[in-house]
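Novice: Structure supplied as model_34.pdb; contents: PDB, C-alpha atoms.
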```pdb
ATOM      1  CA  MET G 815       0.000   0.000   0.000
ATOM      2  CA  ARG G 816       1.454   3.286  -1.082
ATOM      3  CA  ILE G 817      -0.282   5.177   1.703
ATOM      4  CA  LEU G 818       1.910   3.413   4.261
ATOM      5  CA  SER G 819       5.034   5.002   2.759
ATOM      6  CA  ILE G 820       3.492   8.362   3.650
ATOM      7  CA  LEU G 821       1.997   7.438   7.015
ATOM      8  CA  TYR G 822       4.886   5.479   8.548
ATOM      9  CA  PRO G 823       7.496   8.284   8.542
ATOM     10  CA  GLU G 824       4.947  10.631  10.116
ATOM     11  CA  LEU G 825       4.012   7.961  12.658
ATOM     12  CA  LYS G 826       7.687   7.481  13.490
ATOM     13  CA  ARG G 827       8.243  11.221  14.040
ATOM     14  CA  TRP G 828       5.127  11.439  16.180
ATOM     15  CA  LEU G 829       6.090   8.487  18.375
ATOM     16  CA  ALA G 830       9.655   9.794  18.691
ATOM     17  CA  SER G 831       8.205  12.962  20.218
ATOM     18  CA  TRP G 832       6.698  10.881  23.046
ATOM     19  CA  GLY G 833      10.099  10.315  24.688
ATOM     20  CA  LEU G 834       9.773   6.531  24.806
ATOM     21  CA  GLY G 835      13.489   5.869  25.068
ATOM     22  CA  LEU G 836      14.366   2.195  24.781
ATOM     23  CA  THR G 837      10.711   1.228  24.363
ATOM     24  CA  PHE G 838      10.362   3.243  21.141
ATOM     25  CA  GLU G 839      11.007   0.378  18.730
ATOM     26  CA  ALA G 840       8.495  -2.004  20.332
ATOM     27  CA  VAL G 841       5.813   0.696  20.449
ATOM     28  CA  TYR G 842       6.556   1.730  16.857
ATOM     29  CA  VAL G 843       6.281  -1.846  15.565
ATOM     30  CA  GLU G 844       2.893  -2.292  17.263
ATOM     31  CA  ALA G 845       1.652   1.131  16.117
ATOM     32  CA  ARG G 846       2.583   0.258  12.522
ATOM     33  CA  ARG G 847       0.693  -3.019  12.823
ATOM     34  CA  LEU G 848      -2.360  -1.205  14.177
ATOM     35  CA  VAL G 849      -2.305   1.418  11.424
ATOM     36  CA  ARG G 850      -2.036  -1.274   8.747
ATOM     37  CA  GLN G 851      -4.872  -3.238  10.381
ATOM     38  CA  HIS G 852      -7.144  -0.196  10.536
ATOM     39  CA  LEU G 853      -6.450   0.694   6.910
ATOM     40  CA  LEU G 854      -7.499  -2.794   5.871
ATOM     41  CA  ASP G 855     -10.438  -3.189   8.226
ATOM     42  CA  GLN G 856     -12.367  -0.128   9.151
ATOM     43  CA  LEU G 857     -11.886   3.182   7.395
ATOM     44  CA  THR G 858     -14.933   5.397   7.237
ATOM     45  CA  PRO G 859     -15.799   6.809   3.802
ATOM     46  CA  GLU G 860     -14.416  10.188   4.965
ATOM     47  CA  GLN G 861     -11.135   8.644   6.135
ATOM     48  CA  ASP G 862     -10.840   6.671   2.899
ATOM     49  CA  ALA G 863     -11.375   9.830   0.828
ATOM     50  CA  TRP G 864      -8.823  11.681   2.971
ATOM     51  CA  MET G 865      -6.245   8.926   2.427
ATOM     52  CA  ASP G 866      -6.837   9.065  -1.348
ATOM     53  CA  ALA G 867      -6.397  12.844  -1.268
ATOM     54  CA  LEU G 868      -3.176  12.456   0.736
ATOM     55  CA  VAL G 869      -1.726  10.132  -1.917
ATOM     56  CA  ALA G 870      -2.832  12.554  -4.653
ATOM     57  CA  GLU G 871      -1.159  15.427  -2.791
ATOM     58  CA  ASP G 872       2.021  13.360  -2.505
ATOM     59  CA  ASP G 873       1.930  12.722  -6.269
ATOM     60  CA  GLN G 874       2.168  16.480  -6.858
ATOM     61  CA  ASN G 875       5.708  16.545  -5.404
ATOM     62  CA  LEU G 876       5.039  19.795  -3.565
ATOM     63  CA  GLU G 877       7.430  21.231  -1.001
ATOM     64  CA  MET G 878       6.686  19.811   2.428
ATOM     65  CA  ALA G 879       5.510  23.214   3.686
ATOM     66  CA  GLU G 880       2.875  23.252   0.925
ATOM     67  CA  ARG G 881       1.449  19.822   1.734
ATOM     68  CA  LYS G 882      -1.650  20.732   3.739
ATOM     69  CA  LEU G 883      -2.898  17.169   4.186
ATOM     70  CA  ARG G 884       0.541  15.899   5.178
ATOM     71  CA  SER G 885       0.482  18.315   8.098
ATOM     72  CA  GLN G 886      -2.751  16.637   9.275
ATOM     73  CA  VAL G 887      -1.407  13.059   9.312
ATOM     74  CA  VAL G 888      -0.853  12.919  13.084
ATOM     75  CA  ALA G 889      -4.404  14.095  13.724
ATOM     76  CA  MET G 890      -5.722  11.454  11.340
ATOM     77  CA  LEU G 891      -3.576   8.728  12.884
ATOM     78  CA  SER G 892      -4.823   9.592  16.344
ATOM     79  CA  THR G 893      -8.412   9.121  15.154
ATOM     80  CA  LEU G 894      -7.584   5.668  13.773
ATOM     81  CA  PHE G 895      -6.468   4.351  17.153
ATOM     82  CA  THR G 896      -9.179   2.979  19.401
ATOM     83  CA  GLU G 897      -9.055   3.117  23.193
ATOM     84  CA  GLU G 898      -7.911  -0.507  23.125
ATOM     85  CA  ASP G 899      -5.084   0.446  20.733
ATOM     86  CA  TRP G 900      -3.947   3.231  23.071
ATOM     87  CA  ARG G 901      -3.965   0.764  25.958
ATOM     88  CA  LYS G 902      -1.860  -1.718  23.963
ATOM     89  CA  LEU G 903       0.706   0.945  23.135
ATOM     90  CA  ALA G 904       0.813   2.120  26.743
ATOM     91  CA  ALA G 905       1.206  -1.447  28.001
ATOM     92  CA  ILE G 906       4.093  -2.098  25.612
ATOM     93  CA  ALA G 907       5.816   1.097  26.720
ATOM     94  CA  ALA G 908       5.247   0.323  30.406
ATOM     95  CA  GLU G 909       6.457  -3.254  30.081
ATOM     96  CA  GLY G 910       9.593  -2.153  28.247
ATOM     97  CA  MET G 911      10.308   0.519  30.840
ATOM     98  CA  SER G 912       9.774  -1.964  33.652
ATOM     99  CA  LYS G 913      12.155  -4.481  32.083
ATOM    100  CA  GLY G 914      14.780  -1.770  31.671
ATOM    101  CA  VAL G 915      14.521  -0.648  35.283
ATOM    102  CA  LEU G 916      14.656  -4.223  36.559
ATOM    103  CA  GLN G 917      17.738  -4.926  34.450
ATOM    104  CA  VAL G 918      19.473  -1.907  35.967
ATOM    105  CA  ALA G 919      18.464  -3.029  39.452
ATOM    106  CA  GLN G 920      19.683  -6.560  38.807
ATOM    107  CA  THR G 921      23.015  -5.282  37.497
ATOM    108  CA  ASN G 922      23.449  -3.099  40.582
ATOM    109  CA  VAL G 923      22.621  -6.003  42.923
ATOM    110  CA  LYS G 924      25.241  -8.170  41.227
ATOM    111  CA  ARG G 925      27.836  -5.398  41.523
ATOM    112  CA  SER G 926      27.085  -4.648  45.162
ATOM    113  CA  SER G 927      27.015  -8.292  46.252
ATOM    114  CA  GLY G 928      30.662  -8.594  45.327
ATOM    115  CA  SER G 929      31.643  -5.471  47.226
ATOM    116  CA  SER G 930      32.024  -4.867  50.944
ATOM    117  CA  GLN G 931      31.344  -1.130  50.559
ATOM    118  CA  ASN G 932      27.931   0.131  51.558
ATOM    119  CA  TYR G 933      28.517   3.760  50.549
ATOM    120  CA  GLY G 934      27.320   5.152  53.870
ATOM    121  CA  CYS G 935      23.893   3.538  53.723
ATOM    122  CA  SER G 936      24.001   1.732  57.042
ATOM    123  CA  PRO G 937      20.869   1.873  59.211
ATOM    124  CA  ALA G 938      22.687   4.241  61.582
ATOM    125  CA  ASN G 939      23.160   6.780  58.773
ATOM    126  CA  LEU G 940      19.468   6.723  57.839
ATOM    127  CA  VAL G 941      18.265   8.099  61.180
TER
END
```
Before anything else, please render the file you have as structure tokens.
Specialist:
Amino acid sequence: MRILSILYPELKRWLASWGLGLTFEAVYVEARRLVRQHLLDQLTPEQDAWMDALVAEDDQNLEMAERKLRSQVVAMLSTLFTEEDWRKLAAIAAEGMSKGVLQVAQTNVKRSSGSSQNYGCSPANLV
């Protein structure tokens, strides 16, 4: 589908602005899958016409600043996602973040178990 070559770069820029860090790739892969699924399954007649117009605008090879519909892609993408989709994306981001934090914690536990230093964190210093 040609429309995906227009939508995916905009989707990537939009998701990058969310500050997902290490979870970006997993969220992006799922978001791409959801966009593709929605394009195949459930576009309204208005959304379908908008997508056709977006491809037609792209065919004109206008400067990016002159592409009015291209500037509306993020708004259109956000209307494609259902509440369930948003929850999936949030869960993927949360799970990835959690795994990252736990890996850091596990690495620190391994480091500290081999060391006799407690860096001043004895119970007496916490009072």
Novice: Skip segment 841-850 of chain G itself and residues of its chain fewer than 4 positions away, then list as a PyMOL selection string all residues within 9 Å of it, counting only C-alpha atoms.
Specialist: chain G and resi 818+821-822+825-826+829-830+834+837+854-855+891+894-895+899+902-904+906-907
Novice: Here is a test: counting all atoms listed in the file, which residue of G:Leu916, G:Ala870, G:Leu836, G:Ile817 is nearest to Lys882 of chain G?
Specialist: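 Looking only at the distances to Lys882 of chain G, the closest residue turns out to be G:Ala870.
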Novice: One decimal, Å: what's the distance from atom CA of Pro823 of chain G over to atom CA of Arg881 of chain G, could you say?
Specialist: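 Atom-to-atom, atom CA of Pro823 of chain G to atom CA of Arg881 of chain G, that is 14.7 Å.
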Novice: Identify which of the residues G:Ala867, G:Val915, G:Met815, G:Ile820 lies closest to Val888 of chain G, counting only C-alpha atoms when measuring atom-to-atom distances.
Specialist: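 Nearest to Val888 of chain G: G:Ile820.
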Novice: Calculated over all atoms listed in the file, which of the candidates G:Gln874, G:Ser831, G:Ser885, G:Thr893 has the smallest distance to Leu857 of chain G?
Specialist: G:Thr893
Novice: So what do you get for atom CA of Phe838 of chain G versus atom CA of Lys913 of chain G, distance-wise?
Specialist: 13.5 Å
Novice: Find the smallest box with edges along x, y and z containing every listed atom of segment 873-887 of chain G, then add 8 Å on each side and report centre and edge lengths in Å to one decimal, as lines of an AutoDock Vina configuration file.
Specialist:
```
center_x = 2.3
center_y = 18.0
center_z = 1.2
size_x = 26.3
size_y = 26.5
size_z = 32.2
```
Novice: So how many Å separate atom CA of Arg884 of chain G and atom CA of Leu868 of chain G, to one decimal?
Specialist: 6.7 Å
Novice: Find, counting only C-alpha atoms, the residue in G:Met890, G:Ser819, G:Thr896, G:Arg901 that gets nearest to Glu860 of chain G.
Specialist: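 The answer is G:Met890, which sits nearest to Glu860 of chain G.
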Novice: Calculated over all atoms listed in the file, which of the candidates G:Glu877, G:Leu853, G:Val887, G:Ser912 has the smallest distance to Arg827 of chain G?
Specialist: G:Val887
Novice: Nearest residue to Ser892 of chain G out of G:Trp828, G:Gly835, G:Thr858, G:Glu880, using only C-alpha atoms?
Specialist: G:Trp828
